[in-house]
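Asker: File follows, my_file.pdb with PDB, C-alpha atoms, pLDDT in the B column:
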ATOM      1  CA  MET A   1       0.617  40.024  -6.862  1.00 51.00           C
ATOM      2  CA  LYS A   2      -2.566  38.858  -5.127  1.00 44.00           C
ATOM      3  CA  ASN A   3      -3.988  37.697  -8.455  1.00 46.00           C
ATOM      4  CA  TRP A   4      -0.930  35.591  -9.201  1.00 43.00           C
ATOM      5  CA  ALA A   5      -1.013  34.011  -5.751  1.00 45.00           C
ATOM      6  CA  ALA A   6      -4.682  33.117  -6.223  1.00 40.00           C
ATOM      7  CA  ILE A   7      -3.982  31.498  -9.585  1.00 39.00           C
ATOM      8  CA  LEU A   8      -1.119  29.522  -8.049  1.00 42.00           C
ATOM      9  CA  PHE A   9      -3.301  28.249  -5.187  1.00 41.00           C
ATOM     10  CA  ILE A  10      -6.234  27.291  -7.429  1.00 36.00           C
ATOM     11  CA  GLY A  11      -4.037  25.545 -10.001  1.00 41.00           C
ATOM     12  CA  ILE A  12      -2.285  23.396  -7.435  1.00 41.00           C
ATOM     13  CA  SER A  13      -5.557  22.629  -5.644  1.00 39.00           C
ATOM     14  CA  LEU A  14      -7.216  21.454  -8.860  1.00 36.00           C
ATOM     15  CA  LEU A  15      -4.245  19.347  -9.826  1.00 42.00           C
ATOM     16  CA  SER A  16      -4.070  17.740  -6.395  1.00 43.00           C
ATOM     17  CA  SER A  17      -7.757  16.855  -6.426  1.00 39.00           C
ATOM     18  CA  SER A  18      -7.533  15.368  -9.909  1.00 40.00           C
ATOM     19  CA  VAL A  19      -5.031  12.679  -8.873  1.00 47.00           C
ATOM     20  CA  SER A  20      -7.072  11.502  -5.879  1.00 48.00           C
ATOM     21  CA  ALA A  21      -8.496   8.106  -6.706  1.00 62.00           C
ATOM     22  CA  GLY A  22     -10.063   6.749  -3.540  1.00 83.00           C
ATOM     23  CA  LEU A  23      -7.327   4.610  -1.971  1.00 88.00           C
ATOM     24  CA  PHE A  24      -4.734   6.448   0.067  1.00 89.00           C
ATOM     25  CA  ILE A  25      -1.410   5.339   1.609  1.00 93.00           C
ATOM     26  CA  GLU A  26      -0.973   6.720   5.111  1.00 92.00           C
ATOM     27  CA  PRO A  27       2.735   6.621   6.093  1.00 90.00           C
ATOM     28  CA  GLY A  28       3.747   5.313   9.492  1.00 77.00           C
ATOM     29  CA  LYS A  29       5.408   7.235  12.313  1.00 73.00           C
ATOM     30  CA  LYS A  30       8.362   8.016  10.054  1.00 71.00           C
ATOM     31  CA  SER A  31       6.593   9.884   7.277  1.00 75.00           C
ATOM     32  CA  GLU A  32       9.694  10.246   5.078  1.00 85.00           C
ATOM     33  CA  ILE A  33       9.644   7.916   2.083  1.00 90.00           C
ATOM     34  CA  THR A  34      12.455   5.346   2.286  1.00 90.00           C
ATOM     35  CA  GLN A  35      14.288   3.117  -0.175  1.00 92.00           C
ATOM     36  CA  PHE A  36      13.378  -0.440   0.803  1.00 92.00           C
ATOM     37  CA  SER A  37      16.996  -1.627   0.643  1.00 88.00           C
ATOM     38  CA  SER A  38      17.855   0.674   3.568  1.00 88.00           C
ATOM     39  CA  ILE A  39      15.658  -1.257   6.020  1.00 84.00           C
ATOM     40  CA  ALA A  40      15.585  -4.841   4.678  1.00 79.00           C
ATOM     41  CA  SER A  41      18.193  -7.409   5.749  1.00 76.00           C
ATOM     42  CA  ASN A  42      18.953 -10.744   4.037  1.00 74.00           C
ATOM     43  CA  PHE A  43      16.409  -9.980   1.349  1.00 78.00           C
ATOM     44  CA  ASP A  44      16.279 -12.080  -1.833  1.00 73.00           C
ATOM     45  CA  SER A  45      17.032  -9.638  -4.639  1.00 74.00           C
ATOM     46  CA  ALA A  46      16.128 -12.254  -7.248  1.00 75.00           C
ATOM     47  CA  VAL A  47      12.474 -11.923  -6.230  1.00 82.00           C
ATOM     48  CA  VAL A  48      12.160  -8.138  -5.957  1.00 89.00           C
ATOM     49  CA  ASP A  49      14.871  -5.541  -6.564  1.00 91.00           C
ATOM     50  CA  GLU A  50      14.896  -3.827  -3.166  1.00 90.00           C
ATOM     51  CA  THR A  51      16.690  -0.789  -4.618  1.00 92.00           C
ATOM     52  CA  LYS A  52      13.654  -0.111  -6.856  1.00 93.00           C
ATOM     53  CA  ILE A  53      11.014  -0.093  -4.090  1.00 95.00           C
ATOM     54  CA  PHE A  54      10.266   3.109  -2.131  1.00 95.00           C
ATOM     55  CA  GLY A  55       7.821   3.433   0.742  1.00 93.00           C
ATOM     56  CA  TRP A  56       7.294   3.140   4.488  1.00 93.00           C
ATOM     57  CA  VAL A  57       7.439   0.622   7.322  1.00 89.00           C
ATOM     58  CA  GLY A  58       4.173   0.625   9.246  1.00 90.00           C
ATOM     59  CA  ALA A  59       2.100   2.330   6.537  1.00 93.00           C
ATOM     60  CA  ASN A  60      -1.614   1.631   6.126  1.00 94.00           C
ATOM     61  CA  VAL A  61      -3.991   1.680   3.159  1.00 94.00           C
ATOM     62  CA  LEU A  62      -7.087   3.836   3.721  1.00 92.00           C
ATOM     63  CA  PHE A  63     -10.111   5.066   1.840  1.00 90.00           C
ATOM     64  CA  ASP A  64      -9.677   8.802   1.289  1.00 86.00           C
ATOM     65  CA  ASN A  65     -12.472  11.393   1.375  1.00 85.00           C
ATOM     66  CA  ASN A  66     -12.928  11.440  -2.376  1.00 79.00           C
ATOM     67  CA  ASP A  67     -15.633   8.825  -2.976  1.00 77.00           C
ATOM     68  CA  GLN A  68     -14.971   7.193  -6.348  1.00 71.00           C
ATOM     69  CA  GLY A  69     -17.472   4.359  -5.795  1.00 73.00           C
ATOM     70  CA  SER A  70     -16.310   0.757  -5.776  1.00 80.00           C
ATOM     71  CA  TYR A  71     -12.776  -0.348  -6.587  1.00 84.00           C
ATOM     72  CA  LYS A  72     -11.553  -3.546  -8.171  1.00 87.00           C
ATOM     73  CA  VAL A  73      -8.162  -4.516  -6.790  1.00 91.00           C
ATOM     74  CA  ALA A  74      -6.094  -7.448  -8.038  1.00 93.00           C
ATOM     75  CA  TRP A  75      -4.016  -9.086  -5.291  1.00 94.00           C
ATOM     76  CA  ASN A  76      -0.960 -10.904  -6.671  1.00 94.00           C
ATOM     77  CA  PHE A  77       1.252 -13.397  -4.847  1.00 93.00           C
ATOM     78  CA  ILE A  78       4.975 -12.710  -5.328  1.00 93.00           C
ATOM     79  CA  ASN A  79       6.907 -14.885  -2.865  1.00 90.00           C
ATOM     80  CA  ALA A  80       7.181 -16.188   0.706  1.00 88.00           C
ATOM     81  CA  GLU A  81      10.330 -17.197   2.574  1.00 84.00           C
ATOM     82  CA  SER A  82       9.596 -18.097   6.169  1.00 82.00           C
ATOM     83  CA  GLY A  83       9.720 -20.930   8.668  1.00 79.00           C
ATOM     84  CA  TYR A  84       6.230 -19.879   9.700  1.00 82.00           C
ATOM     85  CA  ASP A  85       2.974 -20.437   7.849  1.00 85.00           C
ATOM     86  CA  ASN A  86       1.695 -16.927   7.142  1.00 88.00           C
ATOM     87  CA  ALA A  87      -1.466 -15.624   5.542  1.00 88.00           C
ATOM     88  CA  LEU A  88      -3.179 -12.549   4.100  1.00 90.00           C
ATOM     89  CA  PHE A  89      -6.932 -12.134   4.515  1.00 85.00           C
ATOM     90  CA  GLY A  90      -9.730  -9.786   3.718  1.00 82.00           C
ATOM     91  CA  LEU A  91     -11.586  -8.887   6.902  1.00 71.00           C
ATOM     92  CA  LYS A  92     -14.797  -9.092   4.907  1.00 62.00           C
ATOM     93  CA  ASN A  93     -15.722 -11.877   2.554  1.00 52.00           C
ATOM     94  CA  PRO A  94     -16.315 -11.118  -1.148  1.00 46.00           C
ATOM     95  CA  ASN A  95     -19.993 -10.406  -0.456  1.00 45.00           C
ATOM     96  CA  GLY A  96     -19.023  -7.612   1.942  1.00 44.00           C
ATOM     97  CA  ASN A  97     -20.139  -9.383   5.123  1.00 43.00           C
ATOM     98  CA  PHE A  98     -17.964  -9.592   8.212  1.00 38.00           C
ATOM     99  CA  ASP A  99     -16.651 -13.086   8.785  1.00 43.00           C
ATOM    100  CA  ASN A 100     -14.352 -12.748  11.784  1.00 45.00           C
ATOM    101  CA  ASN A 101     -15.336 -16.102  13.266  1.00 42.00           C
ATOM    102  CA  ASN A 102     -14.131 -17.869  10.162  1.00 43.00           C
ATOM    103  CA  PHE A 103     -10.976 -15.777  10.179  1.00 43.00           C
ATOM    104  CA  ALA A 104     -10.150 -16.861  13.715  1.00 41.00           C
ATOM    105  CA  THR A 105     -10.788 -20.579  13.286  1.00 43.00           C
ATOM    106  CA  ASN A 106     -10.067 -21.928   9.827  1.00 49.00           C
ATOM    107  CA  PRO A 107      -9.325 -19.065   7.419  1.00 52.00           C
ATOM    108  CA  ASN A 108      -7.618 -21.241   4.815  1.00 54.00           C
ATOM    109  CA  SER A 109     -10.969 -22.652   3.751  1.00 56.00           C
ATOM    110  CA  GLY A 110     -13.006 -19.505   4.339  1.00 59.00           C
ATOM    111  CA  PRO A 111     -14.287 -16.885   1.913  1.00 61.00           C
ATOM    112  CA  ASN A 112     -12.069 -14.090   3.218  1.00 75.00           C
ATOM    113  CA  LEU A 113      -8.720 -15.740   2.431  1.00 81.00           C
ATOM    114  CA  ILE A 114      -6.541 -13.915  -0.094  1.00 87.00           C
ATOM    115  CA  PHE A 115      -3.275 -15.906   0.097  1.00 87.00           C
ATOM    116  CA  SER A 116      -1.667 -18.266   2.581  1.00 84.00           C
ATOM    117  CA  GLU A 117       1.471 -20.360   2.659  1.00 81.00           C
ATOM    118  CA  HIS A 118       1.441 -23.733   4.385  1.00 74.00           C
ATOM    119  CA  GLY A 119       4.540 -25.889   4.029  1.00 69.00           C
ATOM    120  CA  GLN A 120       5.500 -24.000   0.842  1.00 72.00           C
ATOM    121  CA  ILE A 121       2.056 -24.735  -0.591  1.00 81.00           C
ATOM    122  CA  ILE A 122       0.254 -21.560  -1.646  1.00 84.00           C
ATOM    123  CA  ARG A 123      -3.499 -21.347  -1.155  1.00 83.00           C
ATOM    124  CA  GLU A 124      -5.668 -18.752  -2.860  1.00 84.00           C
ATOM    125  CA  GLY A 125      -9.044 -17.535  -1.719  1.00 80.00           C
ATOM    126  CA  ASP A 126     -10.670 -18.015  -5.129  1.00 80.00           C
ATOM    127  CA  LYS A 127      -8.962 -21.424  -5.639  1.00 81.00           C
ATOM    128  CA  ASN A 128      -8.030 -20.525  -9.227  1.00 85.00           C
ATOM    129  CA  LYS A 129      -4.324 -21.273  -8.665  1.00 85.00           C
ATOM    130  CA  ASP A 130      -3.228 -18.442 -10.920  1.00 90.00           C
ATOM    131  CA  GLY A 131      -1.437 -16.311  -8.317  1.00 90.00           C
ATOM    132  CA  GLN A 132      -4.132 -13.635  -8.355  1.00 92.00           C
ATOM    133  CA  VAL A 133      -7.234 -12.922  -6.281  1.00 89.00           C
ATOM    134  CA  ASN A 134      -9.596 -10.088  -7.266  1.00 88.00           C
ATOM    135  CA  HIS A 135     -11.576  -8.152  -4.662  1.00 85.00           C
ATOM    136  CA  ASN A 136     -14.117  -5.370  -5.008  1.00 85.00           C
ATOM    137  CA  TYR A 137     -14.134  -2.731  -2.269  1.00 86.00           C
ATOM    138  CA  GLN A 138     -16.896  -0.242  -1.464  1.00 85.00           C
ATOM    139  CA  HIS A 139     -15.762   3.228  -0.450  1.00 86.00           C
ATOM    140  CA  ASN A 140     -15.767   3.955   3.281  1.00 87.00           C
ATOM    141  CA  SER A 141     -14.276   7.419   3.844  1.00 88.00           C
ATOM    142  CA  GLY A 142     -11.382   7.537   6.287  1.00 87.00           C
ATOM    143  CA  GLU A 143     -11.535   3.832   7.133  1.00 89.00           C
ATOM    144  CA  ALA A 144      -8.809   1.247   6.602  1.00 91.00           C
ATOM    145  CA  VAL A 145      -9.185  -1.080   3.628  1.00 90.00           C
ATOM    146  CA  PRO A 146     -10.258  -4.385   5.219  1.00 88.00           C
ATOM    147  CA  PHE A 147      -7.339  -6.814   5.103  1.00 90.00           C
ATOM    148  CA  ALA A 148      -4.885  -8.292   7.587  1.00 89.00           C
ATOM    149  CA  PHE A 149      -1.697 -10.337   7.799  1.00 90.00           C
ATOM    150  CA  SER A 150      -1.401 -13.263  10.207  1.00 86.00           C
ATOM    151  CA  SER A 151       1.761 -15.088  11.232  1.00 86.00           C
ATOM    152  CA  ASN A 152       2.649 -18.526  12.614  1.00 83.00           C
ATOM    153  CA  CYS A 153      -0.566 -20.274  11.622  1.00 79.00           C
ATOM    154  CA  SER A 154      -0.699 -23.978  12.542  1.00 74.00           C
ATOM    155  CA  ASN A 155      -2.914 -26.833  11.374  1.00 66.00           C
ATOM    156  CA  LYS A 156      -4.354 -24.411   8.810  1.00 63.00           C
ATOM    157  CA  LYS A 157      -5.602 -22.189  11.625  1.00 71.00           C
ATOM    158  CA  CYS A 158      -4.498 -18.663  12.568  1.00 74.00           C
ATOM    159  CA  LYS A 159      -4.855 -17.077  15.987  1.00 74.00           C
ATOM    160  CA  GLN A 160      -6.270 -13.597  16.293  1.00 73.00           C
ATOM    161  CA  THR A 161      -3.356 -12.752  18.605  1.00 75.00           C
ATOM    162  CA  ASN A 162      -0.996 -13.220  15.653  1.00 81.00           C
ATOM    163  CA  ARG A 163      -3.064 -11.003  13.391  1.00 82.00           C
ATOM    164  CA  THR A 164      -2.232  -7.423  12.405  1.00 87.00           C
ATOM    165  CA  LYS A 165      -5.062  -5.595  10.700  1.00 89.00           C
ATOM    166  CA  ASN A 166      -4.514  -2.903   8.135  1.00 92.00           C
ATOM    167  CA  GLY A 167      -5.014   0.322  10.050  1.00 92.00           C
ATOM    168  CA  ASP A 168      -3.048  -1.083  13.007  1.00 91.00           C
ATOM    169  CA  ASN A 169       0.181  -1.643  11.080  1.00 91.00           C
ATOM    170  CA  ASN A 170       3.226  -0.066  12.747  1.00 86.00           C
ATOM    171  CA  ASP A 171       6.975  -0.558  12.847  1.00 75.00           C
ATOM    172  CA  HIS A 172       6.931  -3.348  15.462  1.00 71.00           C
ATOM    173  CA  THR A 173       6.252  -7.109  15.397  1.00 67.00           C
ATOM    174  CA  ASN A 174       4.190  -8.531  12.501  1.00 78.00           C
ATOM    175  CA  SER A 175       4.423  -5.382  10.433  1.00 88.00           C
ATOM    176  CA  TRP A 176       4.766  -4.780   6.723  1.00 92.00           C
ATOM    177  CA  PHE A 177       6.436  -2.367   4.349  1.00 93.00           C
ATOM    178  CA  VAL A 178       4.200  -0.579   1.837  1.00 95.00           C
ATOM    179  CA  GLY A 179       5.907   0.768  -1.238  1.00 95.00           C
ATOM    180  CA  PHE A 180       5.869   1.598  -4.938  1.00 95.00           C
ATOM    181  CA  LYS A 181       8.242   0.467  -7.663  1.00 95.00           C
ATOM    182  CA  GLY A 182      10.331   3.003  -9.555  1.00 95.00           C
ATOM    183  CA  ASP A 183      13.767   4.387 -10.337  1.00 94.00           C
ATOM    184  CA  ASP A 184      13.435   7.095  -7.649  1.00 92.00           C
ATOM    185  CA  ILE A 185      10.728   8.768  -5.574  1.00 90.00           C
ATOM    186  CA  TYR A 186       9.762  11.034  -8.485  1.00 90.00           C
ATOM    187  CA  HIS A 187       9.229   8.209 -10.979  1.00 91.00           C
ATOM    188  CA  LEU A 188       6.980   5.617  -9.340  1.00 92.00           C
ATOM    189  CA  ASP A 189       4.257   3.319 -10.604  1.00 92.00           C
ATOM    190  CA  LEU A 190       1.346   4.429  -8.416  1.00 91.00           C
ATOM    191  CA  SER A 191      -1.079   1.852  -9.819  1.00 91.00           C
ATOM    192  CA  THR A 192       0.513  -0.956  -7.788  1.00 94.00           C
ATOM    193  CA  ILE A 193       1.574  -1.181  -4.160  1.00 96.00           C
ATOM    194  CA  TYR A 194       4.012  -3.728  -2.768  1.00 96.00           C
ATOM    195  CA  LEU A 195       3.240  -5.164   0.674  1.00 96.00           C
ATOM    196  CA  LEU A 196       6.221  -6.945   2.184  1.00 93.00           C
ATOM    197  CA  PHE A 197       5.389  -8.721   5.448  1.00 92.00           C
ATOM    198  CA  ASN A 198       7.831  -9.386   8.286  1.00 89.00           C
ATOM    199  CA  ASP A 199       6.669 -12.061  10.777  1.00 86.00           C
ATOM    200  CA  ASN A 200       9.650 -11.445  13.098  1.00 75.00           C
ATOM    201  CA  GLY A 201      10.064 -15.219  13.384  1.00 56.00           C
ATOM    202  CA  SER A 202      13.843 -15.088  13.556  1.00 52.00           C
ATOM    203  CA  SER A 203      13.944 -11.593  15.061  1.00 60.00           C
ATOM    204  CA  ASP A 204      15.129 -10.378  11.667  1.00 66.00           C
ATOM    205  CA  ALA A 205      13.889  -7.602   9.451  1.00 74.00           C
ATOM    206  CA  ASP A 206      13.926  -9.231   6.026  1.00 82.00           C
ATOM    207  CA  TYR A 207      10.337  -8.360   5.052  1.00 88.00           C
ATOM    208  CA  ASP A 208      10.155 -11.351   2.696  1.00 87.00           C
ATOM    209  CA  ASP A 209       7.963 -13.660   4.802  1.00 88.00           C
ATOM    210  CA  LEU A 210       4.964 -12.969   2.562  1.00 91.00           C
ATOM    211  CA  ILE A 211       5.188 -10.612  -0.410  1.00 93.00           C
ATOM    212  CA  VAL A 212       2.139  -9.525  -2.377  1.00 95.00           C
ATOM    213  CA  THR A 213       1.122  -6.660  -4.624  1.00 96.00           C
ATOM    214  CA  ALA A 214      -2.221  -4.904  -4.994  1.00 95.00           C
ATOM    215  CA  THR A 215      -3.038  -3.317  -8.354  1.00 94.00           C
ATOM    216  CA  TYR A 216      -5.860  -0.976  -9.281  1.00 85.00           C
ATOM    217  CA  ALA A 217      -7.970  -2.140 -12.191  1.00 80.00           C
ATOM    218  CA  GLY A 218      -8.149   0.395 -14.997  1.00 73.00           C
ATOM    219  CA  SER A 219      -6.207   3.652 -14.881  1.00 70.00           C
ATOM    220  CA  LYS A 220      -6.663   4.571 -11.209  1.00 78.00           C
ATOM    221  CA  GLN A 221      -3.746   5.176  -8.866  1.00 85.00           C
ATOM    222  CA  PHE A 222      -3.042   5.038  -5.168  1.00 89.00           C
ATOM    223  CA  THR A 223      -2.257   8.420  -3.628  1.00 86.00           C
ATOM    224  CA  THR A 224      -0.250   9.778  -0.725  1.00 80.00           C
ATOM    225  CA  VAL A 225       0.686  13.285   0.387  1.00 63.00           C
ATOM    226  CA  SER A 226       4.269  12.209   1.045  1.00 57.00           C
ATOM    227  CA  ILE A 227       5.184  11.714  -2.624  1.00 59.00           C
ATOM    228  CA  PRO A 228       5.453  15.004  -4.532  1.00 53.00           C
ATOM    229  CA  GLU A 229       3.948  14.659  -7.993  1.00 52.00           C
ATOM    230  CA  PRO A 230       6.485  15.717 -10.666  1.00 54.00           C
ATOM    231  CA  SER A 231       3.755  17.629 -12.513  1.00 52.00           C
ATOM    232  CA  THR A 232       2.756  19.401  -9.308  1.00 50.00           C
ATOM    233  CA  LEU A 233       6.349  20.409  -8.644  1.00 51.00           C
ATOM    234  CA  PHE A 234       6.718  21.654 -12.214  1.00 55.00           C
ATOM    235  CA  ILE A 235       3.589  23.823 -12.022  1.00 55.00           C
ATOM    236  CA  PHE A 236       4.592  25.094  -8.600  1.00 53.00           C
ATOM    237  CA  MET A 237       8.086  26.096  -9.753  1.00 59.00           C
ATOM    238  CA  LEU A 238       6.732  27.586 -12.977  1.00 62.00           C
ATOM    239  CA  SER A 239       4.211  29.626 -11.008  1.00 61.00           C
ATOM    240  CA  LEU A 240       6.888  30.878  -8.612  1.00 62.00           C
ATOM    241  CA  LEU A 241       9.050  31.881 -11.573  1.00 67.00           C
ATOM    242  CA  SER A 242       6.114  33.762 -13.105  1.00 65.00           C
ATOM    243  CA  ILE A 243       5.508  35.618  -9.853  1.00 64.00           C
ATOM    244  CA  MET A 244       9.201  36.571  -9.630  1.00 66.00           C
ATOM    245  CA  LEU A 245       9.219  37.871 -13.212  1.00 66.00           C
ATOM    246  CA  TYR A 246       5.964  39.752 -12.613  1.00 58.00           C
ATOM    247  CA  ARG A 247       7.363  41.432  -9.500  1.00 62.00           C
ATOM    248  CA  ARG A 248      10.624  42.249 -11.228  1.00 64.00           C
ATOM    249  CA  LYS A 249       8.786  43.828 -14.148  1.00 62.00           C
ATOM    250  CA  ASN A 250       6.757  46.057 -11.852  1.00 63.00           C
ATOM    251  CA  VAL A 251       9.618  47.180  -9.618  1.00 58.00           C
TER
END
Is it possible to express this structure as C-alpha cells?
Answerer:
Amino acid sequence: MKNWAAILFIGISLLSSSVSAGLFIEPGKKSEITQFSSIASNFDSAVVDETKIFGWVGANVLFDNNDQGSYKVAWNFINAESGYDNALFGLKNPNGNFDNNNFATNPNSGPNLIFSEHGQIIREGDKNKDGQVNHNYQHNSGEAVPFAFSSNCSNKKCKQTNRTKNGDNNDHTNSWFVGFKGDDIYHLDLSTIYLLFNDNGSSDADYDDLIVTATYAGSKQFTTVSIPEPSTLFIFMLSLLSIMLYRRKNV
C-alpha cells in the first residue's frame, strides 16, 4: 500500500511540474473559476462569446517559481466600448527600464504603451497598426508581470490615480476579468488569456471597456492551480482505482 501511494504522489508531482511554464494566473478573493456570462452585464456577445470564457474577477498574472527564461507574449486588441478613454501599458518599456514618469504624463506617445483608445481611435505602442504588440518579459519569480490598465485618460494623458497595476487587481473599481476560452473548465485554451477591463464609468459591470488577449509564443501555456488538468484527474482516478484493486486483491 505504501508503495502505491508513493507512486501516486510522484506521478502527480511530475505531471504538475511539467505543465508549469513560467506565467501563472493567481485568482482573486473568490478562487472558484467562474463563467464570464455570470458576472458581465450588457456585454456585446458579437465581440466575445461570454459563455465560452471562464476565469476570475480580480485575478493577477504572476511569474511562478519555475524559471523558464524570457517569454515572448503577443498582446492583441479585441474591442473597446466606453465613454472613457482607457489604456493598457507595460510598466517597463521594451528595453526593460522603468519609465513611470512617462506613464504618468503622456503614455500614448511613450515606449511602454501597449494599447489605448482615444475617441474610438486605437493607438498601439509599436505603431504598426496591426492590432498586435509583442513584448518580451524576463522571469522574476513571484512578481507580477509588469502591466497596468488606466481609465478616464484626457488629452492623451492618464493620471496615476486612475491606474490599476497588475498585482493590485481586485474586484472593485477599475478591475479586470482574467479568463480562458473553452467549452467548459476542463477544455480550455491555456495558451491565451482574455483580459476584460471594467472602468466603472457608468457604475456598471460590463467588462467591455477595453478587451485584450495575451498569447504565449510557441507551445507554452499559462498555469493556475484552480483549473484541474484533465490528464491529472485521469491519472489520479486511475491511480486510486489501482490502489482499490490492489487492496481488494490482498484482503
Asker: For A:Ile25, which residue out of A:Phe149, A:Phe43, A:Tyr207, A:Tyr194 is the nearest one, using only C-alpha atoms?
Answerer: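 Between A:Phe149, A:Phe43, A:Tyr207, A:Tyr194, the residue approaching A:Ile25 most closely is A:Tyr194.
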Asker: Quick one: of A:Val73, A:Ile211, A:Ala80, A:Ala148, who's nearest to A:Asn134, counting only C-alpha atoms?
Answerer: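 Among the listed residues, A:Val73 lies closest to A:Asn134.
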Asker: Counting only C-alpha atoms, note down every residue that has an atom within 10 Å of the point (12.4, -12.5, 5.5) (file coordinates), as a list in words.
Answerer: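 Taken together, the residues in range are Ala40, Ser41, Asn42, Phe43, Asp44, Ala80, Glu81, Ser82, Gly83, Leu196, Phe197, Asn198, Asp199, Asn200, Gly201, Ser202, Ser203, Asp204, Ala205, Asp206, Tyr207, Asp208, Asp209, Leu210 and Ile211 of chain A.
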Asker: As an exercise, work out the distance from atom CA of A:Asn112 to atom CA of A:Ala59 in Å and give it to one decimal place.
Answerer: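 Result for atom CA of A:Asn112 versus atom CA of A:Ala59: 21.9 Å, one decimal.
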Asker: Quick one: apply the PyMOL selection byres ((chain A and resi 185) around 12) to the file and drop the selected residues here as a PyMOL selection string.
Answerer: chain A and resi 32-36+51-55+179-184+186-190+226-230
Asker: Closest to A:Asn136 among A:Ser116, A:Thr215, A:Asn166, A:Ser70, using only C-alpha atoms?
Answerer: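 Nearest candidate to A:Asn136 out of A:Ser116, A:Thr215, A:Asn166, A:Ser70: A:Ser70.
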Asker: Nearest to A:Ser37 among A:Phe177, A:Ser219, A:Asn79, A:Asp67, with distances taken over all atoms listed in the file: which residue is it?
Answerer: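 So, comparing all the options, the nearest one is A:Phe177.
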Asker: Can you tell me, as an MDAnalysis selection string, what residues are no more than 8 Å from A:Pro146 when counting all atoms listed in the file, ignoring any on the same chain fewer than 3 positions away?
Answerer: chainID A and resid 90:92 165:166
Asker: Give the answer as one residue: which of A:Val212, A:Ala87, A:Ile114, A:Ala217 has the shortest atom-to-atom distance to A:Val48, using all atoms listed in the file?
Answerer: A:Val212
Asker: Could you work out an axis-aligned bounding box for all listed atoms of stretch 40-44 of chain A, with 8 Å added on each of the six sides, and give its centre and edge lengths in Å to one decimal, as JSON?
Answerer:
{"center_x": 17.3, "center_y": -8.5, "center_z": 2.0, "size_x": 19.4, "size_y": 23.2, "size_z": 23.6}
Asker: Could you expand the PyMOL selection byres ((chain A and resi 77) around 8) into the explicit residues it covers here, written as a VMD selection string?
Answerer: chain A and resid 75 to 76 78 to 79 115 131 to 132 211 to 213
Asker: Would you save the residues of that selection, restricted to C-alpha atoms, as a PDB file, keeping the file's coordinate frame?
Answerer:
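Okay, this is what ended up in out_33.pdb:
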ATOM      1  CA  TRP A  75      -4.016  -9.086  -5.291  1.00 94.00           C
ATOM      2  CA  ASN A  76      -0.960 -10.904  -6.671  1.00 94.00           C
ATOM      3  CA  ILE A  78       4.975 -12.710  -5.328  1.00 93.00           C
ATOM      4  CA  ASN A  79       6.907 -14.885  -2.865  1.00 90.00           C
ATOM      5  CA  PHE A 115      -3.275 -15.906   0.097  1.00 87.00           C
ATOM      6  CA  GLY A 131      -1.437 -16.311  -8.317  1.00 90.00           C
ATOM      7  CA  GLN A 132      -4.132 -13.635  -8.355  1.00 92.00           C
ATOM      8  CA  ILE A 211       5.188 -10.612  -0.410  1.00 93.00           C
ATOM      9  CA  VAL A 212       2.139  -9.525  -2.377  1.00 95.00           C
ATOM     10  CA  THR A 213       1.122  -6.660  -4.624  1.00 96.00           C
TER      11      THR A 213
END
Asker: Translate the PyMOL selection byres ((chain A and resi 58) around 10), as applied to the file shown, into an explicit residue set as JSON, numbers by chain.
Answerer: {"A": [26, 27, 28, 29, 30, 31, 55, 56, 57, 59, 60, 166, 167, 168, 169, 170, 171, 172, 174, 175, 176, 177, 178]}
Asker: Deliver the residues from the most recent selection as a file, using C-alpha atoms, as an mmCIF file, in the coordinates of the input.
Answerer:
data_model
loop_
_atom_site.group_PDB
_atom_site.id
_atom_site.type_symbol
_atom_site.label_atom_id
_atom_site.label_comp_id
_atom_site.auth_asym_id
_atom_site.auth_seq_id
_atom_site.Cartn_x
_atom_site.Cartn_y
_atom_site.Cartn_z
ATOM 1 C CA GLU A 26 -0.973 6.720 5.111
ATOM 2 C CA PRO A 27 2.735 6.621 6.093
ATOM 3 C CA GLY A 28 3.747 5.313 9.492
ATOM 4 C CA LYS A 29 5.408 7.235 12.313
ATOM 5 C CA LYS A 30 8.362 8.016 10.054
ATOM 6 C CA SER A 31 6.593 9.884 7.277
ATOM 7 C CA GLY A 55 7.821 3.433 0.742
ATOM 8 C CA TRP A 56 7.294 3.140 4.488
ATOM 9 C CA VAL A 57 7.439 0.622 7.322
ATOM 10 C CA ALA A 59 2.100 2.330 6.537
ATOM 11 C CA ASN A 60 -1.614 1.631 6.126
ATOM 12 C CA ASN A 166 -4.514 -2.903 8.135
ATOM 13 C CA GLY A 167 -5.014 0.322 10.050
ATOM 14 C CA ASP A 168 -3.048 -1.083 13.007
ATOM 15 C CA ASN A 169 0.181 -1.643 11.080
ATOM 16 C CA ASN A 170 3.226 -0.066 12.747
ATOM 17 C CA ASP A 171 6.975 -0.558 12.847
ATOM 18 C CA HIS A 172 6.931 -3.348 15.462
ATOM 19 C CA ASN A 174 4.190 -8.531 12.501
ATOM 20 C CA SER A 175 4.423 -5.382 10.433
ATOM 21 C CA TRP A 176 4.766 -4.780 6.723
ATOM 22 C CA PHE A 177 6.436 -2.367 4.349
ATOM 23 C CA VAL A 178 4.200 -0.579 1.837
#
Asker: If you measure from atom CA of A:Ser151 to atom CA of A:Gln221, what distance in Å do you get, rounded to one decimal?
Answerer: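 These two atoms are separated by 29.1 Å.
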Asker: Select, from A:Ala46, A:Leu23, A:Cys153, A:Leu62, the residue with the minimum atom-to-atom distance to A:Thr192, counting all atoms listed in the file.
Answerer: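 For A:Thr192, the nearest of the candidates is A:Leu23.
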Asker: Please compute the atom CA of A:Glu124-atom CA of A:Phe222 distance, one decimal, in Å.
Answerer: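 According to the coordinates, atom CA of A:Glu124 and atom CA of A:Phe222 are separated by 24.0 Å.
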